[in-house]
Amino acid sequence: MDWGRVRFFFGEVWRNFTRNMIMQLTAIGTVMVTIVLLGSFLFTRDTLGKIGDDVIRKIEISVFLKDTTTTQAAKALVRELSADPRIKSVAFIPRAEGLRQMRERLRGQIDTSLLTTNPLPDALRIRVVDPEKVHKVAAYVRKMPEVASVEYAQDAVQKLLRIGGVLGRIGLGIVALLVFTAFIIISNTIRLTVFARRREIAIMQLVGASGWYIRMPFVCEGLIAGVLGAGLALGVLAIARYQLLPKLVIALPFLPMHATDPAVGTLSLELLGVGAAVGIVASWLSVGRYLRT
Amino acid sequence: MISLRGVTLVYPNGTRALDGVDLEVAKGSFVFLVGHSGTGKSSLLRLLYREQRPSRGEVTVDGTRVDNMRRSKVAQLRRNVGVVFQDFKLLSDKTVWENVAFALQVTGAKTKDVRRQVPRVLDLVGLAHKSRMYPSELSGGEQQRTAIARALVNNPKIMLCDEPTGNLDPVNTNEIMELLHRINLKGTTVVIATHNALVVDRMRRRVIRLEDGKVVADEERGYYTHPGLREALAAPSA
């Protein structure tokens, strides 16, 4: 390893980085804002996703059995359905238990003493593994000979799944837009620094420096700006996560934010990676454009 | 060492800088390119270090065609061709030593080579004692010697000089020409584009004259003044 060459290279990078400090600060600031917005967005999407999951997870298929079905047959059915890999749990609700639960649910709303006879059949409550397969499982169960009817919140499931999909796509669009903005600003910053150093670049080209050698210091500058911006953004996000969020959870107890704690390490690395990648690609392209002229 | 065949250069604005130029320069030559401003001297030099491509014709430098050379090969060509300009093109925030070392460092030279080569060329151009000074602390002649040292440090086979004495007084001019002469004596081919009649006439080396982008005279031990004009001036007045 020729340390003299390493020292020269990084000396040049540092000198140029500090010489154009105002421009570099602009780029760092832009990356910071972008990553803060990106991080906040990912957090919000995660929270909304968890709210949706919570609702979907609670969706049950209510299966009402025919009056002719014996308790033994019903229990056999429970065993059969429990063995189905698509089904998470099956609960058998005998008609007496069903009536008790209904009375409880309707207490205070109607006079439950009017229910002198039990109109309910024996029932099963099924929870599925994958919410997207609710309707398939429901259709399968409906065809069973012991089953009289099947009910589940079909519309709710489909709406939630649809909203989830739309939110995901909008989110992806916003992320793309933010990354693009950071990309344009870093690329402009690097172009300005390239312009400020056009004399030096001309001399490098004149004495036979390779395109790679001319490009590398600028790419390193872009990388530094990207990583510094992302690092600062992570600081801001950490403050928001550990100082602001606990207060928000108390203020909005109905949102399941307390349940949300994305893998901080992975997310930090991903955001740093985004900052670094934006810095590298933007500077690579902007120097390349100059070198071609 | 240098060969131009049927070289024409037309700029995008329609200006015909060179027009069917044929030229051969042997290894180790010392050649002056002369002519009025705008006759194509600088354009011809730019073709030789591939700053410019000809519109037509072939340009060969050190056995390699450079007119159709790929961009990735240009860096290698330029390590064999030192270029010096009228305005020196030094980096003002680097010392003499750093300016010269820069040419080696950006081509990926090893540190021990930088430490060996830089003092050698600074000694050759007589600036070893000013190696820690910045360009603004040097005279015009010293700045040009720094630029020559930078052009020399890669041991080029060819040295191209575009008006190297254009900004210098007669004393500094003589020093620079003396230096270029010594460099030539070590085997480097030297091509100088100049307006300086005194220098050309005193040195009596090969002179190639350009007019309107064409070679109009090529004398082995020539003068700056056009041969026809010299005869007219020498003829006894009636």
# chains A, B, ... in the order shown; residues from 1 in each chain; ligands from 1
>>> select_by_dssp(residues="stretch 1-163 of chain B", states="helix (DSSP H, G or I)", output="PyMOL selection string")
chain B and resi 41-48+71-79+96-105+111-124+128-130+135-137+140-152
>>> write_last_selection(atoms="C-alpha atoms", output="compact mmCIF listing (two decimals), in the first residue's frame")
# COMPACT_ATOMS: atom_id res chain seq x y z
CA LYS B 41 -0.82 27.16 -35.35
CA SER B 42 -2.64 26.49 -32.06
CA SER B 43 -5.24 24.36 -33.83
CA LEU B 44 -2.45 22.20 -35.26
CA LEU B 45 -0.93 21.72 -31.79
CA ARG B 46 -4.35 20.83 -30.37
CA LEU B 47 -4.64 18.02 -32.92
CA LEU B 48 -1.34 16.57 -31.70
CA ARG B 71 -11.27 8.71 -25.52
CA SER B 72 -10.06 6.16 -23.00
CA LYS B 73 -6.65 6.08 -24.75
CA VAL B 74 -6.15 9.87 -24.77
CA ALA B 75 -4.80 9.94 -21.20
CA GLN B 76 -2.00 7.55 -22.18
CA LEU B 77 -1.12 9.72 -25.22
CA ARG B 78 -0.89 12.82 -23.06
CA ARG B 79 1.60 11.22 -20.70
CA VAL B 96 6.00 24.93 -7.38
CA TRP B 97 6.78 21.46 -6.04
CA GLU B 98 3.08 20.58 -5.75
CA ASN B 99 2.26 21.87 -9.23
CA VAL B 100 4.94 19.67 -10.75
CA ALA B 101 4.16 16.67 -8.53
CA PHE B 102 0.46 17.03 -9.41
CA ALA B 103 1.14 15.86 -12.97
CA LEU B 104 2.60 12.62 -11.60
CA GLN B 105 0.17 12.13 -8.75
CA THR B 111 5.24 8.22 -4.11
CA LYS B 112 8.88 7.18 -4.43
CA ASP B 113 8.78 8.09 -8.16
CA VAL B 114 7.27 11.48 -7.32
CA ARG B 115 10.02 12.10 -4.77
CA ARG B 116 12.69 11.16 -7.31
CA GLN B 117 11.33 12.85 -10.45
CA VAL B 118 10.17 16.22 -9.11
CA PRO B 119 13.55 17.37 -7.72
CA ARG B 120 15.21 16.14 -10.94
CA VAL B 121 13.06 18.35 -13.24
CA LEU B 122 13.09 21.29 -10.83
CA ASP B 123 16.85 21.08 -10.91
CA LEU B 124 16.79 20.92 -14.72
CA ALA B 128 15.04 23.71 -7.01
CA HIS B 129 15.55 26.61 -4.59
CA LYS B 130 12.02 27.98 -5.17
CA PRO B 135 3.08 30.89 -8.51
CA SER B 136 2.11 34.40 -7.38
CA GLU B 137 5.55 34.73 -5.74
CA GLY B 140 6.75 35.23 -15.42
CA GLY B 141 9.86 33.36 -16.53
CA GLU B 142 9.90 31.28 -13.35
CA GLN B 143 6.21 30.47 -13.75
CA GLN B 144 6.86 29.31 -17.31
CA ARG B 145 9.80 27.20 -16.11
CA THR B 146 7.47 25.63 -13.55
CA ALA B 147 5.00 24.84 -16.35
CA ILE B 148 7.83 23.32 -18.41
CA ALA B 149 8.93 21.25 -15.42
CA ARG B 150 5.37 19.98 -15.07
CA ALA B 151 5.25 19.10 -18.77
CA LEU B 152 8.62 17.32 -18.47
>>> closest_atom_pairs(of="chain A", to="chain B", cutoff="12 Å", atoms="only C-alpha atoms", output="Markdown table")
| residue | atom | partner | partner_atom | distance |
| --- | --- | --- | --- | --- |
| A:Met1 | CA | B:Lys110 | CA | 10.0 |
| A:Asp2 | CA | B:Thr111 | CA | 6.9 |
| A:Trp3 | CA | B:Thr111 | CA | 8.1 |
| A:Gly4 | CA | B:Thr111 | CA | 5.5 |
| A:Arg5 | CA | B:Thr111 | CA | 6.3 |
| A:Val6 | CA | B:Thr111 | CA | 9.8 |
| A:Arg7 | CA | B:Thr111 | CA | 10.2 |
| A:Phe8 | CA | B:Gln105 | CA | 7.7 |
| A:Phe9 | CA | B:Gln105 | CA | 8.6 |
| A:Gly11 | CA | B:Gln105 | CA | 11.9 |
| A:Glu12 | CA | B:Val106 | CA | 10.4 |
| A:Arg15 | CA | B:Asp93 | CA | 10.7 |
| A:Asn16 | CA | B:Asp93 | CA | 11.6 |
| A:Arg19 | CA | B:Asp93 | CA | 11.3 |
| A:Arg197 | CA | B:Leu91 | CA | 10.2 |
| A:Arg198 | CA | B:Leu91 | CA | 11.2 |
| A:Arg199 | CA | B:Lys89 | CA | 7.9 |
| A:Glu200 | CA | B:Leu91 | CA | 6.9 |
| A:Ile201 | CA | B:Val106 | CA | 10.3 |
| A:Ala202 | CA | B:Lys89 | CA | 9.2 |
| A:Ile203 | CA | B:Lys89 | CA | 7.4 |
| A:Met204 | CA | B:Val106 | CA | 6.7 |
| A:Gln205 | CA | B:Ala75 | CA | 6.9 |
| A:Leu206 | CA | B:Arg78 | CA | 6.5 |
| A:Val207 | CA | B:Ala103 | CA | 5.6 |
| A:Gly208 | CA | B:Ala75 | CA | 4.0 |
| A:Ala209 | CA | B:Thr107 | CA | 4.7 |
| A:Ser210 | CA | B:Ala75 | CA | 5.5 |
| A:Gly211 | CA | B:Ser72 | CA | 7.6 |
| A:Trp212 | CA | B:Ser72 | CA | 9.7 |
| A:Tyr213 | CA | B:Val106 | CA | 6.7 |
| A:Ile214 | CA | B:Val106 | CA | 7.8 |
| A:Arg215 | CA | B:Val106 | CA | 11.1 |
| A:Met216 | CA | B:Val106 | CA | 10.9 |
| A:Pro217 | CA | B:Val106 | CA | 10.9 |
| A:Leu291 | CA | B:Arg71 | CA | 10.3 |
| A:Arg292 | CA | B:Arg71 | CA | 9.1 |
| A:Thr293 | CA | B:Glu51 | CA | 10.8 |
>>> residues_around(residues="A:Leu37", least_positions_apart="3", cutoff="12 Å", atoms="only C-alpha atoms", output="PyMOL selection string")
chain A and resi 30-34+40-45+171+174-179+181-182+230+233-234+236-237+240+271
>>> write_last_selection(atoms="N, CA and C atoms", output="PDB file, in the first residue's frame")
ATOM      1  N   THR A  30     -30.139  19.212   1.855  1.00  0.00           N
ATOM      2  CA  THR A  30     -31.187  18.615   1.013  1.00  0.00           C
ATOM      3  C   THR A  30     -31.327  17.125   1.288  1.00  0.00           C
ATOM      4  N   VAL A  31     -30.186  16.454   1.376  1.00  0.00           N
ATOM      5  CA  VAL A  31     -30.243  15.014   1.653  1.00  0.00           C
ATOM      6  C   VAL A  31     -30.896  14.792   3.019  1.00  0.00           C
ATOM      7  N   MET A  32     -30.526  15.668   3.975  1.00  0.00           N
ATOM      8  CA  MET A  32     -31.075  15.517   5.326  1.00  0.00           C
ATOM      9  C   MET A  32     -32.605  15.613   5.293  1.00  0.00           C
ATOM     10  N   VAL A  33     -33.105  16.681   4.660  1.00  0.00           N
ATOM     11  CA  VAL A  33     -34.564  16.875   4.607  1.00  0.00           C
ATOM     12  C   VAL A  33     -35.220  15.680   3.920  1.00  0.00           C
ATOM     13  N   THR A  34     -34.621  15.253   2.801  1.00  0.00           N
ATOM     14  CA  THR A  34     -35.192  14.125   2.059  1.00  0.00           C
ATOM     15  C   THR A  34     -35.262  12.866   2.910  1.00  0.00           C
ATOM     16  N   SER A  40     -39.850   9.439   7.936  1.00  0.00           N
ATOM     17  CA  SER A  40     -41.179   9.686   8.519  1.00  0.00           C
ATOM     18  C   SER A  40     -42.229   8.944   7.712  1.00  0.00           C
ATOM     19  N   PHE A  41     -42.050   8.987   6.403  1.00  0.00           N
ATOM     20  CA  PHE A  41     -43.034   8.313   5.550  1.00  0.00           C
ATOM     21  C   PHE A  41     -43.041   6.814   5.814  1.00  0.00           C
ATOM     22  N   LEU A  42     -41.838   6.226   5.882  1.00  0.00           N
ATOM     23  CA  LEU A  42     -41.765   4.778   6.108  1.00  0.00           C
ATOM     24  C   LEU A  42     -42.420   4.414   7.436  1.00  0.00           C
ATOM     25  N   PHE A  43     -42.196   5.284   8.455  1.00  0.00           N
ATOM     26  CA  PHE A  43     -42.783   5.041   9.770  1.00  0.00           C
ATOM     27  C   PHE A  43     -44.313   5.100   9.691  1.00  0.00           C
ATOM     28  N   THR A  44     -44.825   6.156   9.003  1.00  0.00           N
ATOM     29  CA  THR A  44     -46.273   6.327   8.879  1.00  0.00           C
ATOM     30  C   THR A  44     -46.882   5.140   8.146  1.00  0.00           C
ATOM     31  N   ARG A  45     -46.204   4.724   7.058  1.00  0.00           N
ATOM     32  CA  ARG A  45     -46.726   3.610   6.276  1.00  0.00           C
ATOM     33  C   ARG A  45     -46.770   2.337   7.131  1.00  0.00           C
ATOM     34  N   GLY A 171     -47.135   5.826  -1.660  1.00  0.00           N
ATOM     35  CA  GLY A 171     -45.900   5.939  -0.877  1.00  0.00           C
ATOM     36  C   GLY A 171     -44.677   5.772  -1.752  1.00  0.00           C
ATOM     37  N   ILE A 174     -44.118   8.891  -3.696  1.00  0.00           N
ATOM     38  CA  ILE A 174     -43.555   9.983  -2.892  1.00  0.00           C
ATOM     39  C   ILE A 174     -42.071   9.747  -2.656  1.00  0.00           C
ATOM     40  N   VAL A 175     -41.741   8.507  -2.317  1.00  0.00           N
ATOM     41  CA  VAL A 175     -40.332   8.176  -2.078  1.00  0.00           C
ATOM     42  C   VAL A 175     -39.507   8.460  -3.333  1.00  0.00           C
ATOM     43  N   ALA A 176     -40.016   8.027  -4.478  1.00  0.00           N
ATOM     44  CA  ALA A 176     -39.291   8.230  -5.742  1.00  0.00           C
ATOM     45  C   ALA A 176     -39.077   9.721  -5.991  1.00  0.00           C
ATOM     46  N   LEU A 177     -40.132  10.510  -5.713  1.00  0.00           N
ATOM     47  CA  LEU A 177     -40.054  11.956  -5.943  1.00  0.00           C
ATOM     48  C   LEU A 177     -38.994  12.596  -5.031  1.00  0.00           C
ATOM     49  N   LEU A 178     -38.996  12.177  -3.774  1.00  0.00           N
ATOM     50  CA  LEU A 178     -38.044  12.735  -2.810  1.00  0.00           C
ATOM     51  C   LEU A 178     -36.610  12.393  -3.193  1.00  0.00           C
ATOM     52  N   VAL A 179     -36.406  11.135  -3.548  1.00  0.00           N
ATOM     53  CA  VAL A 179     -35.052  10.708  -3.918  1.00  0.00           C
ATOM     54  C   VAL A 179     -34.603  11.464  -5.170  1.00  0.00           C
ATOM     55  N   THR A 181     -35.550  14.458  -6.093  1.00  0.00           N
ATOM     56  CA  THR A 181     -35.224  15.841  -5.717  1.00  0.00           C
ATOM     57  C   THR A 181     -33.808  15.927  -5.155  1.00  0.00           C
ATOM     58  N   ALA A 182     -33.507  15.019  -4.221  1.00  0.00           N
ATOM     59  CA  ALA A 182     -32.169  15.026  -3.619  1.00  0.00           C
ATOM     60  C   ALA A 182     -31.119  14.805  -4.688  1.00  0.00           C
ATOM     61  N   ALA A 230     -27.543  12.008   5.408  1.00  0.00           N
ATOM     62  CA  ALA A 230     -28.342  10.894   5.936  1.00  0.00           C
ATOM     63  C   ALA A 230     -28.083  10.717   7.433  1.00  0.00           C
ATOM     64  N   ALA A 233     -29.956  13.285   9.271  1.00  0.00           N
ATOM     65  CA  ALA A 233     -31.377  12.941   9.217  1.00  0.00           C
ATOM     66  C   ALA A 233     -31.693  11.846  10.240  1.00  0.00           C
ATOM     67  N   LEU A 234     -30.786  10.875  10.368  1.00  0.00           N
ATOM     68  CA  LEU A 234     -31.017   9.800  11.347  1.00  0.00           C
ATOM     69  C   LEU A 234     -31.069  10.369  12.763  1.00  0.00           C
ATOM     70  N   VAL A 236     -32.136  13.392  13.550  1.00  0.00           N
ATOM     71  CA  VAL A 236     -33.451  14.037  13.677  1.00  0.00           C
ATOM     72  C   VAL A 236     -34.530  12.984  13.906  1.00  0.00           C
ATOM     73  N   LEU A 237     -34.447  11.900  13.119  1.00  0.00           N
ATOM     74  CA  LEU A 237     -35.456  10.839  13.244  1.00  0.00           C
ATOM     75  C   LEU A 237     -35.383  10.163  14.616  1.00  0.00           C
ATOM     76  N   ALA A 240     -37.080  12.328  17.035  1.00  0.00           N
ATOM     77  CA  ALA A 240     -38.526  12.212  16.849  1.00  0.00           C
ATOM     78  C   ALA A 240     -39.032  10.906  17.446  1.00  0.00           C
ATOM     79  N   LEU A 271     -31.393   3.855   5.198  1.00  0.00           N
ATOM     80  CA  LEU A 271     -31.451   5.294   4.923  1.00  0.00           C
ATOM     81  C   LEU A 271     -30.054   5.835   4.606  1.00  0.00           C
TER      82      LEU A 271
END
>>> select_by_dssp(residues="stretch 26-236 of chain B", states="strand (DSSP E or B)", output="PyMOL selection string")
chain B and resi 30-34+56-61+64-65+81-85+158-162+189-193+206-211+214-219
>>> closest_residue(among="B:Phe32, B:Val125, B:Thr225, B:Arg206", to="B:Glu178", atoms="only C-alpha atoms")
B:Val125
>>> residues_around(residues="A:Ile56", least_positions_apart="5", cutoff="12 Å", atoms="only C-alpha atoms", output="PyMOL selection string")
chain A and resi 49-51+61+127-134+152-161+164
>>> write_last_selection(atoms="C-alpha atoms", output="compact mmCIF listing (two decimals), in the first residue's frame")
# COMPACT_ATOMS: atom_id res chain seq x y z
CA GLY A 49 -50.08 -1.02 7.74
CA LYS A 50 -50.22 -2.26 11.33
CA ILE A 51 -53.63 -0.62 11.87
CA ILE A 61 -65.72 -16.16 9.40
CA ARG A 127 -59.72 -17.12 11.73
CA VAL A 128 -57.56 -17.54 8.66
CA VAL A 129 -53.77 -17.35 8.34
CA ASP A 130 -53.73 -15.04 5.32
CA PRO A 131 -56.45 -12.33 5.30
CA GLU A 132 -56.36 -12.23 1.51
CA LYS A 133 -57.67 -15.81 1.42
CA VAL A 134 -60.74 -15.14 3.61
CA TYR A 152 -67.84 -12.50 7.16
CA ALA A 153 -67.03 -8.83 6.58
CA GLN A 154 -66.24 -9.34 2.92
CA ASP A 155 -66.47 -5.68 1.93
CA ALA A 156 -64.32 -4.54 4.82
CA VAL A 157 -61.61 -7.03 3.95
CA GLN A 158 -61.55 -6.07 0.30
CA LYS A 159 -61.58 -2.32 1.03
CA LEU A 160 -58.74 -2.63 3.50
CA LEU A 161 -56.70 -4.69 1.10
CA GLY A 164 -53.30 -0.93 1.60
